Amino acid sequence: MRWGAAGRPLLGLYIPAAVAVLFILVPLVGLLAHASLADIGDALTSTAALTSLRLSLECSLLAVIVSAIVGVPLAYLLARTAMRGRRLLRGLVLLPLVLPPVVGGIALQSAFGRSTPIGGVLHSLFGVTLPFSTAGAVMAEAFVGLPFLVITVEAGLRQRDAGFEEVAATLGARPWRRFWLITMPLLAPSLTAGAALCWARALGEFGATITFAGSFPGTTETLPLAAYSAFEGSGAVSRAITLSLILLVISVSVLVGLRDRWLGTVA
Amino acid sequence: MSLDADVGLTRGSLEVRCAVHVEPGQTIAVLGPNGAGKTTVLRVLAGLEHCRDGHVVLDGEVLEDTASGAWVEPESRRVGVVFQDHTLFPHLSVLDNVAFGLRSRGVARVPARRRAHEWLERLGVEDHAASRPRAISGGQEQRVALARALITEPRLLLLDEPLAAVDASAKIDLRRTLREQVSGFDGVRILVTHDLLEAAALAESVVILEDGRVSQQGSFAEVTARPRSSWVARMAGLNLLSGEASADVLRLGNGSELIVVRGVSGPALATIQPRAVGLHRERPTGSPRNVLHSTIAGIDPHGDRWRVRLDGPVPLVAEVTPAAAHELRLADGGVVFASIKATEIDVYPM
């Protein structure tokens, strides 16, 4: 270890720092210690677990796609235009990050529930019911995942000015051509990172999903919900642990995938 | 084809007002220190910025006129720009960078790529057609950027410090290539630079832009021989003085006087070559008409000559050989006598 002329690190800082590390590490070790290979094998071949895994992947990927379709344009406008009220808008976009997910779920329910004006119109005109449906689960996940995508993409756009788009303009490229051939390809790394974060968040979403979409196996019972009901309801602790491990592996994979962005050299 | 532009705008604390008129087949250099507003003017010509008041007319077509509200989008201007940074699109191959302009104007992929390849050959970088921009050198990058700008057959070519980011060894070659290609281009050419050498190599006439204002314009030789601002004089390596001439005396602003050759009267500028300034430890006797009691403010090596900065009645730069500097013990500083012959002072009306 090296340190500069500013002096040795204070020894008194080591102990709380170690507590922080253990605080994160011990529960993970506990999770691994309670897992048995046999249980994992059982869980991975059980229809119920596979159903919730598949549902989780479908819902979370759809949530990412929805977030990207609306989030990229929003990030672009936030980064590149001098809109009035831009700061306010950014604050609004960030709100789901700090809002308790349960509140998000209740808010979605209050806006799109069967008895609300919007929910009523959707039901009577299109026969669509969002609460307690798979679409509702996707909505709940997009609600909490969208901010991650928007802020990451916006930061990516802010990292460079519009110089390349200007070059393209002088070469005769019209605005949409500049957007698709210059802006979007140069944005790919940020979009990938933003989508990965959004996906990880969507995959782990619990509170908003259970409040807005409920927990119906095959329809809205995603992995975190299945893990919770195994743990709490049926007392199948080993199954809960296995499902948790699956989520842990996915989280670690996202972290490894984004390591250059987050764990890279810190100046 | 000709360009007629008069551009006025405010950029931060800088007030820019620049009028240029360029005939076809002519290269004009907009020359000035960093932060003078050169790039801003270029951006207005390219349509990347609006001006507050003024107009840009190319070949009789009004590209912008704040009086009538006329405005042509940059993508419709037929302007080619070689930028100083943001040169090549990093995610496209060299070939696709060059083909980009043709593709944007509706040329099909195959003919666009074929012509792009011809342009790469013309500029001697065809071996790198498949490379990504980050894999080629700065000099090659600017050649590709030039090909990309010229392939669309623009009517106005704008070069923004095209040699600034290129290392010294590649500069000479690139300068020659630029000159050849640019002189073969029959539209209007504007070079923006702070480098006198670049302007000398590529442009016939120069517009000096300082603090947003045109301080001088004319042929390169004219402007550098008789500068009207201290910046140009410094770039040209000349001492520039200003004062009031009458008969054979030039009275400077601080009251000191120099004996000059008679001919100009009224407000005047004067240049003195640094090597025409003689330095002596004892007051010289004989022919020099002007002897100035000065103190040494600093010495900078400058090739095989040393530049001695002098404080005194007339601040001057003198150029001496290292041997002379040694003999006169100039490194010790102190008082010296600077002598200048009247015939070495070029006086011209302000």
# chains A, B, ... in the order shown; residues from 1 in each chain; ligands from 1
$ closest_atom_pairs --of "chain B" --to "chain A" --cutoff "9 Å" --atoms "only C-alpha atoms" --output "Markdown table"
| residue | atom | partner | partner_atom | distance |
| --- | --- | --- | --- | --- |
| B:Ala46 | CA | A:Thr170 | CA | 6.9 |
| B:Gly47 | CA | A:Thr170 | CA | 8.1 |
| B:Leu48 | CA | A:Glu166 | CA | 6.9 |
| B:Glu73 | CA | A:Ala169 | CA | 8.4 |
| B:Pro74 | CA | A:Thr170 | CA | 5.5 |
| B:Glu75 | CA | A:Gly172 | CA | 3.9 |
| B:Ser76 | CA | A:Gly172 | CA | 6.2 |
| B:Arg77 | CA | A:Thr170 | CA | 7.5 |
| B:Arg78 | CA | A:Gly172 | CA | 7.5 |
| B:Val79 | CA | A:Thr170 | CA | 6.3 |
| B:Gly80 | CA | A:Thr170 | CA | 6.4 |
| B:Val81 | CA | A:Thr170 | CA | 6.8 |
| B:Val82 | CA | A:Val167 | CA | 8.7 |
| B:Phe83 | CA | A:Val167 | CA | 7.9 |
| B:Asp85 | CA | A:Gly163 | CA | 8.5 |
| B:His86 | CA | A:Phe164 | CA | 6.0 |
| B:Thr87 | CA | A:Val167 | CA | 7.9 |
| B:Leu88 | CA | A:Phe164 | CA | 8.0 |
| B:Phe89 | CA | A:Phe164 | CA | 6.7 |
| B:Pro90 | CA | A:Leu186 | CA | 8.1 |
| B:His91 | CA | A:Leu186 | CA | 7.0 |
| B:Phe100 | CA | A:Leu171 | CA | 7.1 |
| B:Gly101 | CA | A:Leu171 | CA | 4.6 |
| B:Leu102 | CA | A:Leu171 | CA | 8.0 |
| B:Arg103 | CA | A:Ala173 | CA | 8.5 |
| B:Ser104 | CA | A:Ala173 | CA | 4.9 |
| B:Arg105 | CA | A:Gly172 | CA | 6.1 |
| B:Arg148 | CA | A:Leu171 | CA | 8.2 |
| B:Ala149 | CA | A:Leu171 | CA | 7.2 |
| B:Thr152 | CA | A:Leu171 | CA | 7.5 |
$ residues_around --residues "range 245-252 of chain B" --least-positions-apart "3" --cutoff "8 Å" --atoms "only C-alpha atoms" --output "list in words"
Leu241, Ser242, Gly255, Ser256, Glu257, Leu258, Ile259, Val260, Val261, Arg262, Gly263, Val264, Ser265, Gly266, Pro267 and Ala268 of chain B
$ residues_around --residues "His50 in chain B" --least-positions-apart "4" --cutoff "12 Å" --atoms "only C-alpha atoms" --output "list in words"
Val7, Gly8, Leu9, Thr10, Arg11, Thr40, Val41, Leu42, Arg43, Val44, Leu45, Ala46, Gly54, His55, Val56, Leu63, Glu64, Asp65, Thr66, Gly69, Ala70, Trp71, Val72, Glu73 and Pro74 of chain B
$ atom_distance --atom1 "CA of Ser339 in chain B" --atom2 "CA of Val232 in chain B"
23.8 Å
$ atom_distance --atom1 "CA of Pro189 in chain A" --atom2 "CA of Gln159 in chain A"
11.9 Å
$ closest_residue --among "A:Leu97, A:Ala196, A:Ala137, A:Val249" --to "Glu58 in chain A" --atoms "only C-alpha atoms"
A:Ala137
$ select_by_dssp --residues "range 103-246 of chain A" --states "alpha helix (DSSP H)" --output "PyMOL selection string"
chain A and resi 103-112+117-121+134-159+163-170+175-178+184-204+207-212+223-232+237-246
$ closest_residue --among "B:Ile190, B:Val336, B:Val277, B:Leu209" --to "Glu319 in chain B" --atoms "only C-alpha atoms"
B:Val277
$ residues_around --residues "range 62-72 of chain A" --least-positions-apart "4" --cutoff "12 Å" --atoms "only C-alpha atoms" --output "ChimeraX atom specification"
/A:55-58,76-80,90,93,134-157,179,183-184,187-188,190-203,205
$ closest_residue --among "A:Leu10, A:Ile250, A:Leu258, A:Leu245" --to "Leu32 in chain A" --atoms "only C-alpha atoms"
A:Leu245
$ atom_distance --atom1 "CA of Leu31 in chain B" --atom2 "CA of Trp231 in chain B"
10.3 Å
$ select_by_dssp --residues "range 74-207 of chain B" --states "strand (DSSP E)" --output "VMD selection string"
chain B and resid 79 to 82 156 to 160 188 to 193 205 to 207
$ decode --residues "range 202-216 of chain A" --atoms "N, CA and C atoms" --output "CSV table (one decimal), in the first residue's frame"
chain,number,residue,atom,x,y,z
A,202,ALA,N,-34.9,-3.6,-12.5
A,202,ALA,CA,-36.2,-4.2,-12.9
A,202,ALA,C,-36.3,-5.6,-12.4
A,203,LEU,N,-35.2,-6.4,-12.6
A,203,LEU,CA,-35.2,-7.8,-12.2
A,203,LEU,C,-35.4,-8.0,-10.7
A,204,GLY,N,-34.9,-7.1,-9.9
A,204,GLY,CA,-35.0,-7.2,-8.5
A,204,GLY,C,-36.2,-6.6,-7.9
A,205,GLU,N,-37.0,-5.9,-8.7
A,205,GLU,CA,-38.1,-5.1,-8.2
A,205,GLU,C,-39.1,-6.0,-7.4
A,206,PHE,N,-39.5,-5.5,-6.2
A,206,PHE,CA,-40.4,-6.2,-5.4
A,206,PHE,C,-41.6,-5.4,-5.0
A,207,GLY,N,-41.3,-4.3,-4.3
A,207,GLY,CA,-42.4,-3.5,-3.7
A,207,GLY,C,-43.5,-3.0,-4.7
A,208,ALA,N,-43.0,-2.4,-5.7
A,208,ALA,CA,-44.0,-1.8,-6.7
A,208,ALA,C,-44.7,-2.9,-7.4
A,209,THR,N,-44.0,-4.0,-7.7
A,209,THR,CA,-44.7,-5.1,-8.4
A,209,THR,C,-45.7,-5.8,-7.5
A,210,ILE,N,-45.4,-6.1,-6.3
A,210,ILE,CA,-46.4,-6.8,-5.5
A,210,ILE,C,-47.6,-5.9,-5.2
A,211,THR,N,-47.4,-4.6,-5.1
A,211,THR,CA,-48.5,-3.7,-4.8
A,211,THR,C,-49.4,-3.5,-6.0
A,212,PHE,N,-48.8,-3.3,-7.2
A,212,PHE,CA,-49.5,-3.0,-8.4
A,212,PHE,C,-50.0,-4.2,-9.1
A,213,ALA,N,-49.1,-5.3,-9.1
A,213,ALA,CA,-49.4,-6.4,-10.0
A,213,ALA,C,-49.7,-7.7,-9.2
A,214,GLY,N,-49.5,-7.6,-7.9
A,214,GLY,CA,-49.8,-8.8,-7.1
A,214,GLY,C,-48.7,-9.9,-7.3
A,215,SER,N,-49.0,-11.1,-6.8
A,215,SER,CA,-48.1,-12.2,-6.9
A,215,SER,C,-48.8,-13.4,-7.3
A,216,PHE,N,-49.1,-13.5,-8.6
A,216,PHE,CA,-49.7,-14.7,-9.1
A,216,PHE,C,-48.8,-15.5,-9.9
